Structure formats: structure tokens, C-alpha cells
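Dropping entry.csv in here (CSV, N, CA and C atoms):
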chain,number,residue,atom,x,y,z
A,1,MET,N,-31.6,58.9,-28.9
A,1,MET,CA,-30.8,59.0,-27.7
A,1,MET,C,-29.5,59.7,-28.1
A,2,SER,N,-29.1,60.6,-27.3
A,2,SER,CA,-27.8,61.4,-27.7
A,2,SER,C,-26.6,60.6,-27.4
A,3,PRO,N,-25.5,60.8,-28.1
A,3,PRO,CA,-24.3,60.1,-27.9
A,3,PRO,C,-23.8,60.2,-26.4
A,4,PRO,N,-23.9,61.3,-25.7
A,4,PRO,CA,-23.5,61.3,-24.3
A,4,PRO,C,-24.3,60.4,-23.5
A,5,ALA,N,-25.6,60.3,-23.8
A,5,ALA,CA,-26.5,59.4,-23.0
A,5,ALA,C,-26.1,58.0,-23.3
A,6,VAL,N,-25.8,57.6,-24.5
A,6,VAL,CA,-25.4,56.3,-24.8
A,6,VAL,C,-24.1,56.0,-24.1
A,7,SER,N,-23.1,56.9,-24.1
A,7,SER,CA,-21.9,56.7,-23.4
A,7,SER,C,-22.1,56.5,-21.9
A,8,GLN,N,-23.0,57.3,-21.3
A,8,GLN,CA,-23.3,57.1,-19.8
A,8,GLN,C,-23.9,55.7,-19.6
A,9,HIS,N,-24.8,55.3,-20.4
A,9,HIS,CA,-25.4,53.9,-20.2
A,9,HIS,C,-24.3,52.9,-20.3
A,10,LEU,N,-23.5,53.0,-21.3
A,10,LEU,CA,-22.4,52.0,-21.5
A,10,LEU,C,-21.5,52.0,-20.4
A,11,LYS,N,-21.2,53.2,-19.8
A,11,LYS,CA,-20.3,53.3,-18.7
A,11,LYS,C,-20.9,52.5,-17.5
A,12,ILE,N,-22.2,52.7,-17.2
A,12,ILE,CA,-22.8,52.0,-16.1
A,12,ILE,C,-22.8,50.5,-16.3
A,13,LEU,N,-23.1,50.1,-17.6
A,13,LEU,CA,-23.0,48.6,-17.9
A,13,LEU,C,-21.6,48.1,-17.7
A,14,ARG,N,-20.6,48.9,-18.1
A,14,ARG,CA,-19.2,48.4,-17.9
A,14,ARG,C,-18.8,48.4,-16.5
A,15,GLU,N,-19.2,49.4,-15.7
A,15,GLU,CA,-18.9,49.3,-14.2
A,15,GLU,C,-19.6,48.2,-13.5
A,16,ALA,N,-20.8,47.8,-14.0
A,16,ALA,CA,-21.5,46.6,-13.5
A,16,ALA,C,-21.0,45.3,-14.0
A,17,GLN,N,-20.0,45.4,-14.9
A,17,GLN,CA,-19.4,44.3,-15.6
A,17,GLN,C,-20.4,43.4,-16.4
A,18,LEU,N,-21.4,44.1,-16.9
A,18,LEU,CA,-22.4,43.4,-17.8
A,18,LEU,C,-21.9,43.4,-19.2
A,19,VAL,N,-21.0,44.4,-19.5
A,19,VAL,CA,-20.4,44.4,-20.8
A,19,VAL,C,-18.9,44.5,-20.7
A,20,VAL,N,-18.1,44.1,-21.7
A,20,VAL,CA,-16.7,44.3,-21.7
A,20,VAL,C,-16.4,45.1,-22.9
A,21,VAL,N,-15.3,45.9,-22.9
A,21,VAL,CA,-15.0,46.8,-24.0
A,21,VAL,C,-13.6,46.4,-24.5
A,22,GLU,N,-13.6,46.5,-25.9
A,22,GLU,CA,-12.3,46.2,-26.6
A,22,GLU,C,-12.0,47.5,-27.4
A,23,LYS,N,-10.8,48.0,-27.2
A,23,LYS,CA,-10.4,49.2,-28.0
A,23,LYS,C,-9.7,48.7,-29.2
A,24,ARG,N,-10.2,49.3,-30.4
A,24,ARG,CA,-9.7,49.0,-31.7
A,24,ARG,C,-9.4,50.4,-32.3
A,25,ALA,N,-8.2,50.8,-32.3
A,25,ALA,CA,-7.9,52.1,-32.9
A,25,ALA,C,-8.8,53.2,-32.3
A,26,GLN,N,-9.6,53.8,-33.1
A,26,GLN,CA,-10.5,54.9,-32.6
A,26,GLN,C,-11.8,54.4,-32.1
A,27,GLN,N,-12.1,53.1,-32.2
A,27,GLN,CA,-13.3,52.5,-31.9
A,27,GLN,C,-13.3,51.7,-30.5
A,28,ARG,N,-14.4,51.6,-29.9
A,28,ARG,CA,-14.6,50.8,-28.8
A,28,ARG,C,-15.7,49.8,-29.1
A,29,ILE,N,-15.4,48.5,-29.0
A,29,ILE,CA,-16.3,47.5,-29.3
A,29,ILE,C,-16.8,46.9,-28.0
A,30,TYR,N,-18.1,47.0,-27.8
A,30,TYR,CA,-18.7,46.4,-26.5
A,30,TYR,C,-19.3,45.1,-26.8
A,31,ARG,N,-19.1,44.2,-25.8
A,31,ARG,CA,-19.7,42.8,-25.9
A,31,ARG,C,-20.4,42.5,-24.6
A,32,ILE,N,-21.4,41.8,-24.7
A,32,ILE,CA,-22.1,41.4,-23.4
A,32,ILE,C,-21.3,40.4,-22.7
A,33,ASN,N,-21.2,40.5,-21.4
A,33,ASN,CA,-20.6,39.5,-20.6
A,33,ASN,C,-21.6,38.5,-20.1
A,34,PRO,N,-21.6,37.3,-20.8
A,34,PRO,CA,-22.7,36.3,-20.5
A,34,PRO,C,-22.7,35.8,-19.1
A,35,THR,N,-21.6,35.7,-18.4
A,35,THR,CA,-21.5,35.2,-17.1
A,35,THR,C,-22.2,36.2,-16.1
A,36,ALA,N,-21.9,37.5,-16.3
A,36,ALA,CA,-22.6,38.5,-15.5
A,36,ALA,C,-24.0,38.6,-15.7
A,37,VAL,N,-24.4,38.5,-17.0
A,37,VAL,CA,-25.9,38.6,-17.3
A,37,VAL,C,-26.6,37.4,-16.7
A,38,GLN,N,-26.0,36.2,-16.7
A,38,GLN,CA,-26.6,35.0,-16.1
A,38,GLN,C,-26.7,35.2,-14.5
A,39,GLU,N,-25.7,35.8,-13.9
A,39,GLU,CA,-25.8,36.1,-12.5
A,39,GLU,C,-27.0,37.1,-12.2
A,40,LEU,N,-27.1,38.1,-13.1
A,40,LEU,CA,-28.2,39.1,-12.9
A,40,LEU,C,-29.5,38.4,-13.1
A,41,GLU,N,-29.6,37.5,-14.1
A,41,GLU,CA,-30.8,36.8,-14.3
A,41,GLU,C,-31.2,36.0,-13.1
A,42,GLY,N,-30.3,35.3,-12.5
A,42,GLY,CA,-30.5,34.5,-11.3
A,42,GLY,C,-31.0,35.4,-10.1
A,43,TRP,N,-30.3,36.5,-10.0
A,43,TRP,CA,-30.7,37.4,-8.9
A,43,TRP,C,-32.1,37.9,-9.1
A,44,ALA,N,-32.4,38.3,-10.3
A,44,ALA,CA,-33.8,38.8,-10.6
A,44,ALA,C,-34.8,37.7,-10.4
A,45,ARG,N,-34.5,36.5,-10.8
A,45,ARG,CA,-35.4,35.3,-10.6
A,45,ARG,C,-35.7,35.1,-9.1
A,46,ASN,N,-34.6,35.2,-8.3
A,46,ASN,CA,-34.8,35.0,-6.9
A,46,ASN,C,-35.7,36.1,-6.3
A,47,LEU,N,-35.4,37.4,-6.7
A,47,LEU,CA,-36.2,38.5,-6.3
A,47,LEU,C,-37.7,38.3,-6.6
A,48,MET,N,-37.9,37.9,-7.9
A,48,MET,CA,-39.3,37.7,-8.3
A,48,MET,C,-40.0,36.6,-7.5
A,49,GLN,N,-39.3,35.5,-7.2
A,49,GLN,CA,-39.9,34.5,-6.3
A,49,GLN,C,-40.2,35.0,-4.9
A,50,LEU,N,-39.3,35.8,-4.4
A,50,LEU,CA,-39.5,36.4,-3.1
A,50,LEU,C,-40.8,37.2,-3.1
A,51,TRP,N,-40.9,38.1,-4.1
A,51,TRP,CA,-42.1,39.0,-4.1
A,51,TRP,C,-43.3,38.2,-4.4
A,52,THR,N,-43.2,37.2,-5.2
A,52,THR,CA,-44.4,36.3,-5.5
A,52,THR,C,-44.9,35.7,-4.2
A,53,GLN,N,-44.0,35.2,-3.4
A,53,GLN,CA,-44.3,34.6,-2.1
A,53,GLN,C,-45.0,35.6,-1.2
A,54,ARG,N,-44.4,36.8,-1.1
A,54,ARG,CA,-45.0,37.8,-0.3
A,54,ARG,C,-46.4,38.3,-0.7
A,55,PHE,N,-46.6,38.4,-2.0
A,55,PHE,CA,-47.9,38.8,-2.5
A,55,PHE,C,-48.9,37.7,-2.3
A,56,GLU,N,-48.5,36.4,-2.4
A,56,GLU,CA,-49.4,35.3,-2.2
A,56,GLU,C,-49.8,35.3,-0.7
A,57,ALA,N,-48.8,35.6,0.2
A,57,ALA,CA,-49.1,35.6,1.6
A,57,ALA,C,-50.1,36.8,1.9
A,58,LEU,N,-49.9,37.9,1.3
A,58,LEU,CA,-50.7,39.0,1.4
A,58,LEU,C,-52.1,38.7,0.9
A,59,ASP,N,-52.2,38.1,-0.2
A,59,ASP,CA,-53.5,37.7,-0.7
A,59,ASP,C,-54.3,36.8,0.3
A,60,ALA,N,-53.6,35.8,0.8
A,60,ALA,CA,-54.2,34.9,1.8
A,60,ALA,C,-54.6,35.7,3.0
A,61,LEU,N,-53.8,36.6,3.5
A,61,LEU,CA,-54.2,37.4,4.7
A,61,LEU,C,-55.4,38.2,4.4
A,62,LEU,N,-55.4,38.9,3.2
A,62,LEU,CA,-56.6,39.7,2.9
A,62,LEU,C,-57.9,38.9,2.7
A,63,ALA,N,-57.7,37.6,2.2
A,63,ALA,CA,-58.9,36.8,2.1
A,63,ALA,C,-59.5,36.4,3.4
A,64,VAL,N,-58.6,36.2,4.4
A,64,VAL,CA,-59.0,35.9,5.8
A,64,VAL,C,-59.7,37.1,6.4
A,65,GLU,N,-59.1,38.3,6.2
A,65,GLU,CA,-59.6,39.5,6.8
A,65,GLU,C,-61.0,39.8,6.1
A,66,LYS,N,-61.1,39.6,4.8
A,66,LYS,CA,-62.4,39.8,4.1
A,66,LYS,C,-63.5,38.9,4.7
A,67,GLU,N,-63.1,37.7,4.9
A,67,GLU,CA,-64.1,36.7,5.5
A,67,GLU,C,-64.5,37.1,6.9
A,68,ASN,N,-63.5,37.5,7.7
A,68,ASN,CA,-63.8,38.0,9.0
A,68,ASN,C,-64.8,39.2,9.0
A,69,LEU,N,-64.5,40.1,8.1
A,69,LEU,CA,-65.4,41.3,8.0
A,69,LEU,C,-66.8,41.0,7.5
A,70,GLU,N,-66.9,40.1,6.6
A,70,GLU,CA,-68.2,39.6,6.2
A,70,GLU,C,-69.0,38.9,7.3
A,71,GLN,N,-68.3,38.1,8.0
A,71,GLN,CA,-69.0,37.4,9.2
A,71,GLN,C,-69.4,38.4,10.2
A,72,ALA,N,-68.6,39.4,10.5
A,72,ALA,CA,-68.9,40.5,11.5
A,72,ALA,C,-70.1,41.3,11.0
A,73,ARG,N,-70.2,41.5,9.7
A,73,ARG,CA,-71.4,42.3,9.2
A,73,ARG,C,-72.6,41.4,9.3
A,74,LYS,N,-72.5,40.1,9.0
A,74,LYS,CA,-73.7,39.2,9.2
A,74,LYS,C,-74.2,39.2,10.6
A,75,ARG,N,-73.2,39.1,11.6
A,75,ARG,CA,-73.6,39.1,13.0
A,75,ARG,C,-74.3,40.4,13.4
A,76,LYS,N,-73.8,41.5,12.8
A,76,LYS,CA,-74.4,42.8,13.2
A,76,LYS,C,-75.8,43.0,12.6
A,77,ASP,N,-76.0,42.4,11.4
A,77,ASP,CA,-77.3,42.5,10.8
A,77,ASP,C,-78.4,41.6,11.4
A,78,GLN,N,-77.9,40.6,12.2
A,78,GLN,CA,-78.9,39.7,12.8
A,78,GLN,C,-79.5,40.2,14.0
Show me, as C-alpha cells, the structure contained in the file I just sent.
Amino acid sequence: MSPPAVSQHLKILREAQLVVVEKRAQQRIYRINPTAVQELEGWARNLMQLWTQRFEALDALLAVEKENLEQARKRKDQ
């Protein structure tokens, strides 16, 4: 990864407050902001639960539709 690419990624992380920067002479020391990372983790967990519920609902709907289709085929074949 090129230095400009690293700088761009660090800038985005800094703007999102996921890292904090400390300037030491010519260096910049980056540290993870644990509070922000925990908030991000909670958000991601909630999003995952939401999509899991939606996929489970879709699975249930598709199972019902599949059963209905199979029953309709059986009636047609009789």
C-alpha cells in the first residue's frame, strides 16, 4: 500500500473518530479510540441482527410459497 493510500485511510479513520492522533516532532502516532470502536461494534451487531431477522422472515415466506407451489402442482397432476 502506498504512503498516500495509508494517509487517506488514516484520515478517514480520524474523521470517523475511530483513531486519535498525537503529534511528536515529525511523527504522528495513531491510537485506536476504544469508545468509538465499541460504538461501531454495537451498531454493526444491531445491523446484523436486523438482517438476520429479515432473512429468517424471507426463508419462512419462501418455505410457505414453495409448499403452496408443490400443492398446486399436485392438484394439477390429479
> Expressed in Å to a single decimal, how great is the separation between atom CA of A:Tyr30 and atom CA of A:Ala44?
Replying inline: 23.2 Å
> atom N of A:Gln26 and atom CA of A:Met1 are how many Å apart?
Replying inline: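 For atom N of A:Gln26 relative to atom CA of A:Met1, the distance reads 22.5 Å.
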>> I need the residues of chain A that end up classed as strand (DSSP E) by DSSP on the backbone, written out as a list in words.
In response: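 Strand (DSSP E) assignments inside chain A correspond to Val19, Val20, Val21, Glu22, Lys23, Arg24, Gln27, Arg28, Ile29, Tyr30, Arg31 and Ile32 of chain A.
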>> For the structure I just gave you, how does DSSP split chain A - specifically, which residues are helix (DSSP H, G or I)? Reply as number ranges by chain.
In response: A: 3-15, 34-77
>> List the spatial neighbours of A:Val21 as a list in words - criterion: any atom at most 10 Å away, only C-alpha atoms, same-chain residues fewer than 4 positions off excluded.
In response: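 Once the nearby chain positions are removed, what remains is Leu10, Lys11, Arg14, Gln17, Gln27, Arg28, Ile29, Tyr30, Arg31, Ile32 and Asn33 of chain A.
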> For A:Glu41, which of A:Lys66, A:Leu18, A:Pro3, A:Gln71 is the closest residue, counting only C-alpha atoms?
Replying inline: A:Leu18
>> To one decimal place in Å, what is the distance between atom CA of A:Val37 and atom CA of A:Val19?
In response: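 About the pair atom CA of A:Val37 and atom CA of A:Val19: they are 8.7 Å apart.
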